[in-house]
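Data file: run_34.cif. Format and content: mmCIF, all heavy atoms.
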```
data_structure
loop_
_atom_site.label_atom_id
_atom_site.label_comp_id
_atom_site.auth_asym_id
_atom_site.auth_seq_id
_atom_site.Cartn_x
_atom_site.Cartn_y
_atom_site.Cartn_z
N MET A 12 -13.63 -39.23 33.17
CA MET A 12 -13.94 -37.93 32.60
C MET A 12 -15.21 -37.42 33.26
O MET A 12 -16.21 -38.13 33.35
CB MET A 12 -14.12 -38.08 31.08
CG MET A 12 -14.27 -36.78 30.36
SD MET A 12 -14.45 -36.91 28.56
CE MET A 12 -12.96 -37.70 28.07
N ALA A 13 -15.18 -36.19 33.69
CA ALA A 13 -16.33 -35.59 34.38
C ALA A 13 -17.47 -35.35 33.40
O ALA A 13 -17.29 -35.36 32.19
CB ALA A 13 -15.90 -34.28 35.02
N GLY A 14 -18.66 -35.10 33.93
CA GLY A 14 -19.83 -34.90 33.10
C GLY A 14 -19.70 -33.75 32.12
O GLY A 14 -20.06 -33.86 30.96
N ALA A 15 -19.18 -32.62 32.59
CA ALA A 15 -19.04 -31.45 31.72
C ALA A 15 -18.02 -31.70 30.61
O ALA A 15 -18.23 -31.33 29.46
CB ALA A 15 -18.63 -30.23 32.53
N ALA A 16 -16.93 -32.35 30.96
CA ALA A 16 -15.90 -32.65 29.96
C ALA A 16 -16.42 -33.64 28.92
O ALA A 16 -16.14 -33.52 27.73
CB ALA A 16 -14.65 -33.19 30.64
N LYS A 17 -17.19 -34.62 29.38
CA LYS A 17 -17.76 -35.60 28.46
C LYS A 17 -18.76 -34.94 27.52
O LYS A 17 -18.74 -35.19 26.31
CB LYS A 17 -18.44 -36.72 29.25
CG LYS A 17 -18.92 -37.86 28.39
CD LYS A 17 -19.58 -38.92 29.26
CE LYS A 17 -18.89 -40.23 29.07
NZ LYS A 17 -19.51 -41.30 29.83
N THR A 18 -19.61 -34.08 28.05
CA THR A 18 -20.59 -33.36 27.23
C THR A 18 -19.89 -32.48 26.21
O THR A 18 -20.29 -32.43 25.04
CB THR A 18 -21.51 -32.51 28.12
OG1 THR A 18 -22.15 -33.37 29.06
CG2 THR A 18 -22.54 -31.78 27.31
N LEU A 19 -18.84 -31.79 26.63
CA LEU A 19 -18.09 -30.93 25.72
C LEU A 19 -17.40 -31.75 24.63
O LEU A 19 -17.35 -31.32 23.47
CB LEU A 19 -17.07 -30.12 26.52
CG LEU A 19 -16.57 -28.81 25.94
CD1 LEU A 19 -17.73 -27.92 25.51
CD2 LEU A 19 -15.72 -28.09 26.96
N SER A 20 -16.91 -32.92 24.98
CA SER A 20 -16.28 -33.79 23.99
C SER A 20 -17.29 -34.26 22.95
O SER A 20 -16.99 -34.27 21.75
CB SER A 20 -15.65 -35.01 24.67
OG SER A 20 -14.64 -34.61 25.55
N VAL A 21 -18.48 -34.63 23.40
CA VAL A 21 -19.53 -35.05 22.47
C VAL A 21 -19.92 -33.89 21.56
O VAL A 21 -20.11 -34.06 20.36
CB VAL A 21 -20.75 -35.60 23.24
CG1 VAL A 21 -21.94 -35.81 22.32
CG2 VAL A 21 -20.38 -36.91 23.93
N ALA A 22 -20.03 -32.69 22.13
CA ALA A 22 -20.37 -31.51 21.33
C ALA A 22 -19.29 -31.21 20.29
O ALA A 22 -19.60 -30.80 19.17
CB ALA A 22 -20.58 -30.31 22.24
N THR A 23 -18.04 -31.43 20.65
CA THR A 23 -16.94 -31.18 19.72
C THR A 23 -16.99 -32.15 18.55
O THR A 23 -16.83 -31.76 17.39
CB THR A 23 -15.59 -31.28 20.45
OG1 THR A 23 -15.57 -30.34 21.51
CG2 THR A 23 -14.43 -31.01 19.52
N VAL A 24 -17.23 -33.42 18.84
CA VAL A 24 -17.33 -34.42 17.77
C VAL A 24 -18.54 -34.14 16.89
O VAL A 24 -18.46 -34.21 15.66
CB VAL A 24 -17.37 -35.85 18.36
CG1 VAL A 24 -17.68 -36.87 17.29
CG2 VAL A 24 -16.05 -36.17 19.05
N ALA A 25 -19.67 -33.80 17.51
CA ALA A 25 -20.87 -33.47 16.74
C ALA A 25 -20.62 -32.23 15.88
O ALA A 25 -21.07 -32.17 14.73
CB ALA A 25 -22.05 -33.24 17.68
N GLY A 26 -19.91 -31.26 16.41
CA GLY A 26 -19.56 -30.07 15.65
C GLY A 26 -18.68 -30.39 14.45
O GLY A 26 -18.84 -29.80 13.38
N LEU A 27 -17.77 -31.34 14.61
CA LEU A 27 -16.94 -31.77 13.49
C LEU A 27 -17.79 -32.40 12.39
O LEU A 27 -17.60 -32.11 11.21
CB LEU A 27 -15.87 -32.75 13.96
CG LEU A 27 -14.99 -33.35 12.86
CD1 LEU A 27 -14.22 -32.25 12.14
CD2 LEU A 27 -14.04 -34.38 13.46
N VAL A 28 -18.74 -33.23 12.79
CA VAL A 28 -19.63 -33.86 11.81
C VAL A 28 -20.45 -32.81 11.08
O VAL A 28 -20.60 -32.85 9.85
CB VAL A 28 -20.54 -34.90 12.51
CG1 VAL A 28 -21.61 -35.41 11.56
CG2 VAL A 28 -19.71 -36.06 13.05
N VAL A 29 -20.99 -31.84 11.82
CA VAL A 29 -21.79 -30.78 11.21
C VAL A 29 -20.94 -29.93 10.28
O VAL A 29 -21.35 -29.61 9.16
CB VAL A 29 -22.45 -29.91 12.30
CG1 VAL A 29 -23.05 -28.65 11.71
CG2 VAL A 29 -23.51 -30.71 13.04
N ALA A 30 -19.76 -29.55 10.72
CA ALA A 30 -18.88 -28.71 9.89
C ALA A 30 -18.48 -29.44 8.61
O ALA A 30 -18.47 -28.84 7.52
CB ALA A 30 -17.63 -28.31 10.69
N THR A 31 -18.18 -30.72 8.72
CA THR A 31 -17.81 -31.50 7.54
C THR A 31 -18.99 -31.64 6.60
O THR A 31 -18.85 -31.46 5.38
CB THR A 31 -17.30 -32.89 7.97
OG1 THR A 31 -16.19 -32.72 8.86
CG2 THR A 31 -16.86 -33.69 6.77
N GLY A 32 -20.16 -31.95 7.15
CA GLY A 32 -21.36 -32.07 6.32
C GLY A 32 -21.70 -30.77 5.61
O GLY A 32 -22.06 -30.76 4.43
N TYR A 33 -21.60 -29.66 6.32
CA TYR A 33 -21.88 -28.36 5.73
C TYR A 33 -20.90 -28.06 4.61
O TYR A 33 -21.27 -27.55 3.55
CB TYR A 33 -21.81 -27.28 6.81
CG TYR A 33 -22.14 -25.89 6.31
CD1 TYR A 33 -23.46 -25.44 6.29
CD2 TYR A 33 -21.15 -25.03 5.85
CE1 TYR A 33 -23.78 -24.18 5.83
CE2 TYR A 33 -21.45 -23.77 5.39
CZ TYR A 33 -22.77 -23.35 5.38
OH TYR A 33 -23.07 -22.10 4.92
N THR A 34 -19.62 -28.36 4.85
CA THR A 34 -18.60 -28.09 3.84
C THR A 34 -18.84 -28.92 2.59
O THR A 34 -18.69 -28.42 1.47
CB THR A 34 -17.20 -28.38 4.42
OG1 THR A 34 -16.99 -27.52 5.55
CG2 THR A 34 -16.12 -28.14 3.40
N VAL A 35 -19.22 -30.17 2.75
CA VAL A 35 -19.49 -31.04 1.60
C VAL A 35 -20.73 -30.57 0.85
O VAL A 35 -20.75 -30.52 -0.38
CB VAL A 35 -19.64 -32.51 2.06
CG1 VAL A 35 -20.19 -33.37 0.94
CG2 VAL A 35 -18.30 -33.05 2.55
N ALA A 36 -21.78 -30.20 1.59
CA ALA A 36 -23.06 -29.85 0.96
C ALA A 36 -23.06 -28.45 0.34
O ALA A 36 -23.57 -28.25 -0.76
CB ALA A 36 -24.19 -29.97 1.97
N VAL A 37 -22.52 -27.47 1.05
CA VAL A 37 -22.66 -26.08 0.64
C VAL A 37 -21.33 -25.47 0.19
O VAL A 37 -21.29 -24.64 -0.70
CB VAL A 37 -23.26 -25.24 1.79
CG1 VAL A 37 -23.41 -23.79 1.40
CG2 VAL A 37 -24.60 -25.82 2.22
N GLY A 38 -20.27 -25.88 0.80
CA GLY A 38 -18.96 -25.29 0.54
C GLY A 38 -18.34 -24.84 1.85
O GLY A 38 -19.01 -24.74 2.87
N GLY A 39 -17.07 -24.58 1.81
CA GLY A 39 -16.35 -24.25 3.03
C GLY A 39 -16.77 -22.92 3.65
O GLY A 39 -17.16 -21.99 2.95
N SER A 40 -16.71 -22.86 4.95
CA SER A 40 -16.97 -21.63 5.69
C SER A 40 -15.85 -21.46 6.70
O SER A 40 -15.71 -22.27 7.63
CB SER A 40 -18.32 -21.70 6.40
OG SER A 40 -18.46 -20.62 7.28
N GLY A 41 -15.07 -20.43 6.52
CA GLY A 41 -13.95 -20.19 7.43
C GLY A 41 -14.38 -19.97 8.87
O GLY A 41 -13.74 -20.46 9.80
N TRP A 42 -15.50 -19.26 9.06
CA TRP A 42 -15.99 -19.00 10.42
C TRP A 42 -16.45 -20.28 11.09
O TRP A 42 -16.27 -20.45 12.30
CB TRP A 42 -17.12 -17.98 10.41
CG TRP A 42 -16.63 -16.59 10.21
CD1 TRP A 42 -16.82 -15.82 9.11
CD2 TRP A 42 -15.84 -15.82 11.11
NE1 TRP A 42 -16.19 -14.61 9.29
CE2 TRP A 42 -15.59 -14.58 10.50
CE3 TRP A 42 -15.32 -16.06 12.38
CZ2 TRP A 42 -14.84 -13.58 11.12
CZ3 TRP A 42 -14.57 -15.07 13.00
CH2 TRP A 42 -14.34 -13.85 12.38
N LEU A 43 -17.05 -21.17 10.34
CA LEU A 43 -17.50 -22.44 10.90
C LEU A 43 -16.32 -23.27 11.40
O LEU A 43 -16.34 -23.79 12.52
CB LEU A 43 -18.29 -23.22 9.84
CG LEU A 43 -18.90 -24.55 10.28
CD1 LEU A 43 -19.96 -24.32 11.34
CD2 LEU A 43 -19.49 -25.26 9.08
N TRP A 44 -15.28 -23.35 10.59
CA TRP A 44 -14.11 -24.11 11.01
C TRP A 44 -13.36 -23.41 12.14
O TRP A 44 -12.82 -24.07 13.03
CB TRP A 44 -13.18 -24.36 9.81
CG TRP A 44 -13.77 -25.41 8.93
CD1 TRP A 44 -14.38 -25.22 7.73
CD2 TRP A 44 -13.85 -26.81 9.20
NE1 TRP A 44 -14.83 -26.42 7.25
CE2 TRP A 44 -14.52 -27.41 8.12
CE3 TRP A 44 -13.43 -27.61 10.25
CZ2 TRP A 44 -14.76 -28.78 8.06
CZ3 TRP A 44 -13.67 -28.98 10.20
CH2 TRP A 44 -14.32 -29.55 9.12
N PHE A 45 -13.33 -22.09 12.12
CA PHE A 45 -12.71 -21.35 13.22
C PHE A 45 -13.44 -21.64 14.53
O PHE A 45 -12.80 -21.89 15.56
CB PHE A 45 -12.73 -19.84 12.92
CG PHE A 45 -12.22 -19.01 14.04
CD1 PHE A 45 -10.87 -18.94 14.32
CD2 PHE A 45 -13.09 -18.28 14.84
CE1 PHE A 45 -10.38 -18.18 15.38
CE2 PHE A 45 -12.62 -17.51 15.89
CZ PHE A 45 -11.26 -17.45 16.15
N ALA A 46 -14.76 -21.62 14.48
CA ALA A 46 -15.55 -21.90 15.68
C ALA A 46 -15.30 -23.33 16.17
O ALA A 46 -15.20 -23.58 17.38
CB ALA A 46 -17.04 -21.70 15.40
N TRP A 47 -15.17 -24.27 15.24
CA TRP A 47 -14.91 -25.66 15.65
C TRP A 47 -13.53 -25.79 16.28
O TRP A 47 -13.36 -26.50 17.27
CB TRP A 47 -15.03 -26.61 14.45
CG TRP A 47 -14.85 -28.01 14.90
CD1 TRP A 47 -15.76 -28.82 15.49
CD2 TRP A 47 -13.63 -28.77 14.85
NE1 TRP A 47 -15.19 -30.03 15.80
CE2 TRP A 47 -13.89 -30.03 15.42
CE3 TRP A 47 -12.35 -28.50 14.36
CZ2 TRP A 47 -12.91 -31.00 15.51
CZ3 TRP A 47 -11.38 -29.49 14.47
CH2 TRP A 47 -11.67 -30.72 15.04
N ILE A 48 -12.55 -25.09 15.74
CA ILE A 48 -11.20 -25.13 16.33
C ILE A 48 -11.21 -24.55 17.74
O ILE A 48 -10.60 -25.11 18.65
CB ILE A 48 -10.19 -24.40 15.42
CG1 ILE A 48 -9.96 -25.23 14.15
CG2 ILE A 48 -8.88 -24.14 16.13
CD1 ILE A 48 -9.18 -24.51 13.07
N VAL A 49 -11.91 -23.43 17.93
CA VAL A 49 -12.01 -22.84 19.26
C VAL A 49 -12.70 -23.81 20.22
O VAL A 49 -12.24 -24.01 21.36
CB VAL A 49 -12.76 -21.49 19.20
CG1 VAL A 49 -13.10 -20.99 20.59
CG2 VAL A 49 -11.94 -20.46 18.44
N LEU A 50 -13.79 -24.43 19.77
CA LEU A 50 -14.48 -25.42 20.60
C LEU A 50 -13.55 -26.59 20.95
O LEU A 50 -13.52 -27.06 22.09
CB LEU A 50 -15.73 -25.94 19.88
CG LEU A 50 -16.57 -26.98 20.62
CD1 LEU A 50 -17.11 -26.41 21.91
CD2 LEU A 50 -17.70 -27.46 19.72
N GLY A 51 -12.78 -27.05 19.99
CA GLY A 51 -11.82 -28.13 20.25
C GLY A 51 -10.76 -27.73 21.26
O GLY A 51 -10.39 -28.52 22.14
N LEU A 52 -10.26 -26.50 21.16
CA LEU A 52 -9.25 -26.04 22.12
C LEU A 52 -9.83 -25.89 23.52
O LEU A 52 -9.16 -26.23 24.51
CB LEU A 52 -8.64 -24.72 21.64
CG LEU A 52 -7.75 -24.81 20.40
CD1 LEU A 52 -7.34 -23.42 19.95
CD2 LEU A 52 -6.53 -25.68 20.67
N VAL A 53 -11.07 -25.41 23.61
CA VAL A 53 -11.72 -25.31 24.92
C VAL A 53 -11.92 -26.71 25.50
O VAL A 53 -11.67 -26.94 26.70
CB VAL A 53 -13.06 -24.57 24.80
CG1 VAL A 53 -13.88 -24.69 26.07
CG2 VAL A 53 -12.83 -23.11 24.46
N THR A 54 -12.34 -27.64 24.67
CA THR A 54 -12.52 -29.02 25.14
C THR A 54 -11.21 -29.60 25.63
O THR A 54 -11.15 -30.22 26.69
CB THR A 54 -13.09 -29.90 24.00
OG1 THR A 54 -14.32 -29.35 23.57
CG2 THR A 54 -13.28 -31.33 24.46
N LEU A 55 -10.15 -29.39 24.87
CA LEU A 55 -8.84 -29.89 25.27
C LEU A 55 -8.41 -29.28 26.61
O LEU A 55 -7.89 -29.98 27.48
CB LEU A 55 -7.81 -29.56 24.18
CG LEU A 55 -6.40 -30.07 24.40
CD1 LEU A 55 -6.39 -31.59 24.45
CD2 LEU A 55 -5.50 -29.57 23.31
N GLY A 56 -8.66 -28.00 26.78
CA GLY A 56 -8.32 -27.34 28.04
C GLY A 56 -9.09 -27.88 29.21
O GLY A 56 -8.55 -28.12 30.30
N VAL A 57 -10.41 -28.13 29.02
CA VAL A 57 -11.24 -28.66 30.11
C VAL A 57 -10.82 -30.09 30.46
O VAL A 57 -10.69 -30.43 31.63
CB VAL A 57 -12.74 -28.61 29.71
CG1 VAL A 57 -13.57 -29.41 30.68
CG2 VAL A 57 -13.21 -27.17 29.65
N VAL A 58 -10.57 -30.90 29.43
CA VAL A 58 -10.16 -32.28 29.69
C VAL A 58 -8.81 -32.31 30.40
O VAL A 58 -8.59 -33.08 31.34
CB VAL A 58 -10.13 -33.10 28.38
CG1 VAL A 58 -9.46 -34.44 28.57
CG2 VAL A 58 -11.54 -33.28 27.84
N THR A 59 -7.90 -31.47 29.99
CA THR A 59 -6.57 -31.41 30.61
C THR A 59 -6.67 -30.92 32.06
O THR A 59 -6.00 -31.46 32.95
CB THR A 59 -5.64 -30.48 29.81
OG1 THR A 59 -5.56 -30.96 28.47
CG2 THR A 59 -4.26 -30.45 30.41
N ALA A 60 -7.50 -29.93 32.28
CA ALA A 60 -7.64 -29.38 33.65
C ALA A 60 -8.31 -30.38 34.58
O ALA A 60 -8.01 -30.41 35.78
CB ALA A 60 -8.43 -28.09 33.60
N ARG A 61 -9.23 -31.18 34.06
CA ARG A 61 -9.95 -32.15 34.89
C ARG A 61 -9.08 -33.36 35.27
O ARG A 61 -9.31 -33.98 36.28
CB ARG A 61 -11.20 -32.64 34.18
CG ARG A 61 -12.20 -31.57 33.84
CD ARG A 61 -12.81 -30.94 35.03
NE ARG A 61 -13.71 -31.85 35.70
CZ ARG A 61 -14.27 -31.62 36.86
NH1 ARG A 61 -14.04 -30.50 37.48
NH2 ARG A 61 -15.07 -32.48 37.42
N ASP A 62 -8.11 -33.68 34.44
CA ASP A 62 -7.24 -34.84 34.72
C ASP A 62 -6.12 -34.39 35.60
O ASP A 62 -5.82 -34.62 36.60
CB ASP A 62 -6.65 -35.42 33.43
CG ASP A 62 -7.70 -36.08 32.58
OD1 ASP A 62 -8.78 -36.40 33.10
OD2 ASP A 62 -7.44 -36.27 31.39
#
```
In structure tokens, how does this file's structure come out?
Amino acid sequence: MAGAAKTLSVATVAGLVVATGYTVAVGGSGWLWFAWIVLGLVTLGVVTARD
């Protein structure tokens, strides 16, 4: 996995942790989860394109 793809993967996992923590602490945010889904799709696209 290339450096950019690895960094994006780490950011996606960290974003999942943050989104989950925020949801548990404050309550759900549709925009937060939407942003995480977009980040996940971009990560998937980069990883797929690099392989």
Using only C-alpha atoms, can you tell me which of A:Gly14, A:Gly26, A:Arg61, A:Val21 comes closest to Val49 of chain A?
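Of all the options, A:Gly26 lies closest to Val49 of chain A.
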Selection result of the PyMOL selection byres ((chain A and resi 43) around 5) on this file, as a PyMOL selection string
chain A and resi 29-30+33-34+40-42+44-47
Near-segment 53-60 of chain A list (4 Å; all atoms listed in the file; drop same-chain fewer than 4 positions) as JSON, numbers by chain:
{"A": [16, 19, 20, 23, 49]}
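What separates atom C of Lys17 of chain A from atom CB of Val35 of chain A is a distance of 25.6 Å.
In this structure, atom C of Val28 of chain A sits 19.7 Å away from atom C of Ala15 of chain A.
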Please measure the separation of atom N of Gly39 of chain A and atom CG2 of Thr18 of chain A, giving the value in Å to one decimal.
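That distance, rounded to one decimal, is 27.1 Å.
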